[in-house]
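Inspection log for the structure reproduced underneath, given as structure tokens.
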Amino acid sequence: MHKLVLKNITVEDHRRRIVDDVSLETEGDLLVIGESGAGKTTLLKAMAGLLDDEGQVILDERDISSLPSHARHMSMIFQKAALLSHVKVRENIGYGLQAAGYSRSEIRNMVEETASLLHIQSLLERYPAKLSGGEAQRVDMARAIVRRPDVLLMDEPFSSLDRRLAWQLEKEIASLCEKFDIMRVMVSHEMEDAMRFTGKIVYLSHGRLIEEGTADSLMDRPQQLETARFFGQPSMQETVCTVRNHHGKILQEDMETELEDGTYTALFRPYWIEAGKGPAYAVQSCRRYMDHYEVILSDGILVCTHVSCDTVIAFCLKKVLLYNTEGQLCSIWTG
């Protein structure tokens, strides 16, 4: 297992900080998630040595910050397959191996072995223009892992593919990375990617690292209000809770708390409810979604339940997160 450390990574463009003093450490796979424009791809390129940046990139206790990209033992898969149109798939996969000092026989064996692993042996004599989107991404994956890098940087490479094919390719690359001890560093803006990711997740916003954790911790107890508002599907539902004399109210439920007097932001997941008992709420709309119902209350709050309802729904909250005026988690209330 590899260890990757970033220290104070900063990237500026025309005096604007695209990545702002990001530091993190991971042993194992990493997912960087955030909205478009958060600086995710820029951070990935900084790791790869493709940009002028400040800070340190340390891989397995070795500072590689001053090394050129080809010497960092990292490969990158881009959002769109980065293939050379004028050469065949075979040459695309083996591109760069000769410059790295491999012999022709070694290159041929490495290319064919990697093509076999990704089930693209039949594509080796084709040109990129003759490939489908999924085939092109398989070739790009082969190009990226043919040298067995220490770190594979993935810039949303499956986002343009249909969901079933994307999940299939994602599972295949995960299996190959495990087989060859390759660390995956991925970026995504898709919540589904984060919710099934098993490694470390960092949330990036406007170039700043807001919070890091696992899918479970960021879903159940995000420490920052900004994270809570972004993370999860469906999104957190938000209301205001005013506390006086250790007593507050969330929707129609009374709450006893040790919090000081003041106004707090209260958030809960739409499925953190128990339907069938508790206060009754007027319903604006109800629709079936997959295995549950999404109910919008008259005040616009969304709750998810296995109970269908038309005009009124009774439920009690099982869990609520409370954030102070600085946007930090200060209490978890359970009903």
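Simple scheme: letters A, B, ... for chains in structure tokens order, numbers from 1 for residues in each chain, numbers from 1 for ligands in the order shown.
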For this session: For region 36-51 of chain A, list every protein, DNA or RNA residue within 10 Å, evaluated using only C-alpha atoms, and leave out those in the same chain fewer than 3 positions away; present the list as a ChimeraX atom specification.
Result: /A:4-6,9-12,17-20,22,31-33,54-59,64-76,78-79,151-156,185-189,203-209
Residues within 8 Å of Gln223 (chain A), please, as a compact mmCIF listing (two decimals) with all heavy atoms, in the first residue's frame. Count only C-alpha atoms; anything in the same chain fewer than 3 positions from it doesn't count.
```txt
# COMPACT_ATOMS: atom_id res chain seq x y z
N GLU A 211 -13.38 19.41 4.25
CA GLU A 211 -13.48 18.31 5.22
C GLU A 211 -13.03 17.02 4.57
O GLU A 211 -13.11 16.86 3.35
CB GLU A 211 -14.93 18.17 5.71
CG GLU A 211 -15.12 17.21 6.85
CD GLU A 211 -16.50 17.30 7.48
OE1 GLU A 211 -17.23 18.26 7.20
OE2 GLU A 211 -16.83 16.39 8.25
N LEU A 218 -19.13 11.27 6.41
CA LEU A 218 -19.62 12.47 5.74
C LEU A 218 -21.14 12.43 5.53
O LEU A 218 -21.77 13.47 5.40
CB LEU A 218 -18.91 12.65 4.40
CG LEU A 218 -17.40 12.91 4.50
CD1 LEU A 218 -16.79 13.02 3.12
CD2 LEU A 218 -17.10 14.15 5.31
N THR A 227 -20.14 21.11 4.16
CA THR A 227 -20.11 19.70 3.74
C THR A 227 -21.50 19.10 3.81
O THR A 227 -21.93 18.38 2.89
CB THR A 227 -19.16 18.89 4.64
OG1 THR A 227 -17.90 19.54 4.72
CG2 THR A 227 -18.97 17.48 4.09
N ALA A 228 -22.19 19.35 4.90
CA ALA A 228 -23.53 18.78 5.09
C ALA A 228 -24.47 19.19 3.97
O ALA A 228 -25.29 18.40 3.49
CB ALA A 228 -24.08 19.20 6.44
N GLN A 328 -20.10 25.03 12.23
CA GLN A 328 -19.48 23.82 12.75
C GLN A 328 -20.52 23.00 13.50
O GLN A 328 -21.39 23.54 14.20
CB GLN A 328 -18.32 24.19 13.69
CG GLN A 328 -17.21 24.93 12.99
CD GLN A 328 -16.14 25.43 13.94
OE1 GLN A 328 -16.40 25.62 15.13
NE2 GLN A 328 -14.94 25.63 13.43
N LEU A 329 -20.41 21.68 13.37
CA LEU A 329 -21.32 20.78 14.07
C LEU A 329 -21.12 20.93 15.59
O LEU A 329 -20.00 20.79 16.08
CB LEU A 329 -21.06 19.33 13.65
CG LEU A 329 -21.94 18.27 14.30
CD1 LEU A 329 -23.39 18.44 13.89
CD2 LEU A 329 -21.43 16.87 13.93
```
Problem set entry | Secondary structure check, helix (DSSP H, G or I) residues of region 64-224 of chain A, as a ChimeraX atom specification | /A:69-71,89-94,104-117,121-123,128-130,133-145,163-179,191-195,215-220
Exercise. If we count only C-alpha atoms, what is near region 116-120 of chain A at a cut-off of 8 Å, once residues fewer than 5 positions away on the same chain are taken out, given as a list in words?
Worked result: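 The contact residues come out as Glu135, Arg138, Val139, Ala142 and Glu172 of chain A.
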Written file, previous selection with N, CA, C and O atoms, as a PDB file, in the first residue's frame:
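Result saved to selection_14.pdb:
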```pdb
ATOM      1  N   GLU A 135     -14.725   1.577 -25.743  1.00  0.00           N
ATOM      2  CA  GLU A 135     -13.466   0.981 -26.202  1.00  0.00           C
ATOM      3  C   GLU A 135     -12.304   1.961 -26.049  1.00  0.00           C
ATOM      4  O   GLU A 135     -11.201   1.578 -25.630  1.00  0.00           O
ATOM      5  N   ARG A 138     -11.218   2.032 -22.494  1.00  0.00           N
ATOM      6  CA  ARG A 138     -10.437   0.839 -22.144  1.00  0.00           C
ATOM      7  C   ARG A 138      -8.993   0.982 -22.631  1.00  0.00           C
ATOM      8  O   ARG A 138      -8.046   0.603 -21.934  1.00  0.00           O
ATOM      9  N   VAL A 139      -8.823   1.517 -23.836  1.00  0.00           N
ATOM     10  CA  VAL A 139      -7.478   1.733 -24.361  1.00  0.00           C
ATOM     11  C   VAL A 139      -6.732   2.746 -23.498  1.00  0.00           C
ATOM     12  O   VAL A 139      -5.550   2.580 -23.183  1.00  0.00           O
ATOM     13  N   ALA A 142      -5.615   1.091 -20.431  1.00  0.00           N
ATOM     14  CA  ALA A 142      -4.442   0.247 -20.703  1.00  0.00           C
ATOM     15  C   ALA A 142      -3.181   1.103 -20.801  1.00  0.00           C
ATOM     16  O   ALA A 142      -2.122   0.732 -20.270  1.00  0.00           O
ATOM     17  N   GLU A 172     -13.543  -2.899 -13.019  1.00  0.00           N
ATOM     18  CA  GLU A 172     -12.385  -3.528 -13.640  1.00  0.00           C
ATOM     19  C   GLU A 172     -11.091  -2.817 -13.259  1.00  0.00           C
ATOM     20  O   GLU A 172     -10.090  -3.451 -12.926  1.00  0.00           O
TER      21      GLU A 172
END
```
Quick one: residues within 7 Å of Cys304 (chain A), only C-alpha atoms, excluding same-chain residues fewer than 4 positions away - as a short mmCIF file (atom, residue, chain, number, x, y, z; two decimals) with all heavy atoms, in the first residue's frame?
```
data_model
loop_
_atom_site.label_atom_id
_atom_site.label_comp_id
_atom_site.auth_asym_id
_atom_site.auth_seq_id
_atom_site.Cartn_x
_atom_site.Cartn_y
_atom_site.Cartn_z
N PRO A 270 -33.57 13.18 4.60
CA PRO A 270 -35.00 12.91 4.41
C PRO A 270 -35.46 11.56 4.93
O PRO A 270 -36.65 11.37 5.20
CB PRO A 270 -35.15 13.00 2.89
CG PRO A 270 -34.07 13.93 2.45
CD PRO A 270 -32.92 13.61 3.36
N TYR A 271 -34.53 10.61 5.09
CA TYR A 271 -34.93 9.29 5.58
C TYR A 271 -34.61 9.10 7.06
O TYR A 271 -34.75 8.00 7.60
CB TYR A 271 -34.24 8.18 4.75
CG TYR A 271 -32.79 8.42 4.48
CD1 TYR A 271 -31.81 8.14 5.43
CD2 TYR A 271 -32.38 8.93 3.26
CE1 TYR A 271 -30.47 8.37 5.17
CE2 TYR A 271 -31.05 9.17 2.99
CZ TYR A 271 -30.10 8.88 3.95
OH TYR A 271 -28.77 9.12 3.69
N HIS A 292 -39.10 3.64 -2.38
CA HIS A 292 -39.70 4.45 -1.32
C HIS A 292 -40.51 5.59 -1.94
O HIS A 292 -40.58 5.73 -3.16
CB HIS A 292 -38.62 5.00 -0.39
CG HIS A 292 -37.66 5.94 -1.07
ND1 HIS A 292 -36.52 5.50 -1.71
CD2 HIS A 292 -37.69 7.29 -1.25
CE1 HIS A 292 -35.87 6.54 -2.22
NE2 HIS A 292 -36.55 7.63 -1.96
N TYR A 293 -41.12 6.39 -1.09
CA TYR A 293 -41.88 7.55 -1.53
C TYR A 293 -41.14 8.82 -1.11
O TYR A 293 -40.60 8.90 0.00
CB TYR A 293 -43.28 7.56 -0.91
CG TYR A 293 -44.15 6.44 -1.41
CD1 TYR A 293 -44.19 5.23 -0.73
CD2 TYR A 293 -44.93 6.59 -2.55
CE1 TYR A 293 -44.99 4.18 -1.18
CE2 TYR A 293 -45.74 5.55 -3.01
CZ TYR A 293 -45.75 4.34 -2.32
OH TYR A 293 -46.54 3.32 -2.78
N GLU A 294 -41.10 9.79 -2.02
CA GLU A 294 -40.56 11.11 -1.69
C GLU A 294 -41.73 12.05 -1.46
O GLU A 294 -42.52 12.31 -2.37
CB GLU A 294 -39.66 11.61 -2.81
CG GLU A 294 -38.37 10.81 -2.95
CD GLU A 294 -37.38 11.44 -3.91
OE1 GLU A 294 -37.79 12.31 -4.70
OE2 GLU A 294 -36.20 11.05 -3.86
N VAL A 295 -41.82 12.53 -0.22
CA VAL A 295 -42.95 13.36 0.19
C VAL A 295 -42.45 14.78 0.43
O VAL A 295 -41.51 15.00 1.20
CB VAL A 295 -43.59 12.82 1.48
CG1 VAL A 295 -44.78 13.68 1.88
CG2 VAL A 295 -44.00 11.37 1.29
#
```
For this session: Between A:Asp220, A:Asp254, A:Asp181, A:Asp140, single out the one closest to Met1 (chain A), counting only C-alpha atoms.
Result: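 Among the listed residues, A:Asp181 lies closest to Met1 (chain A).
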Exercise. Which is closer to Ala115 (chain A) than all the others in A:Ile210, A:Leu83, A:Ile145, A:Val312, using only C-alpha atoms?
Worked result: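 Of A:Ile210, A:Leu83, A:Ile145, A:Val312, the one nearest Ala115 (chain A), counting only C-alpha atoms, is A:Ile145.
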Exercise. Mind pulling up the distance from CA of Asn109 (chain A) to CA of Ala166 (chain A)?
Worked result: 27.7 Å
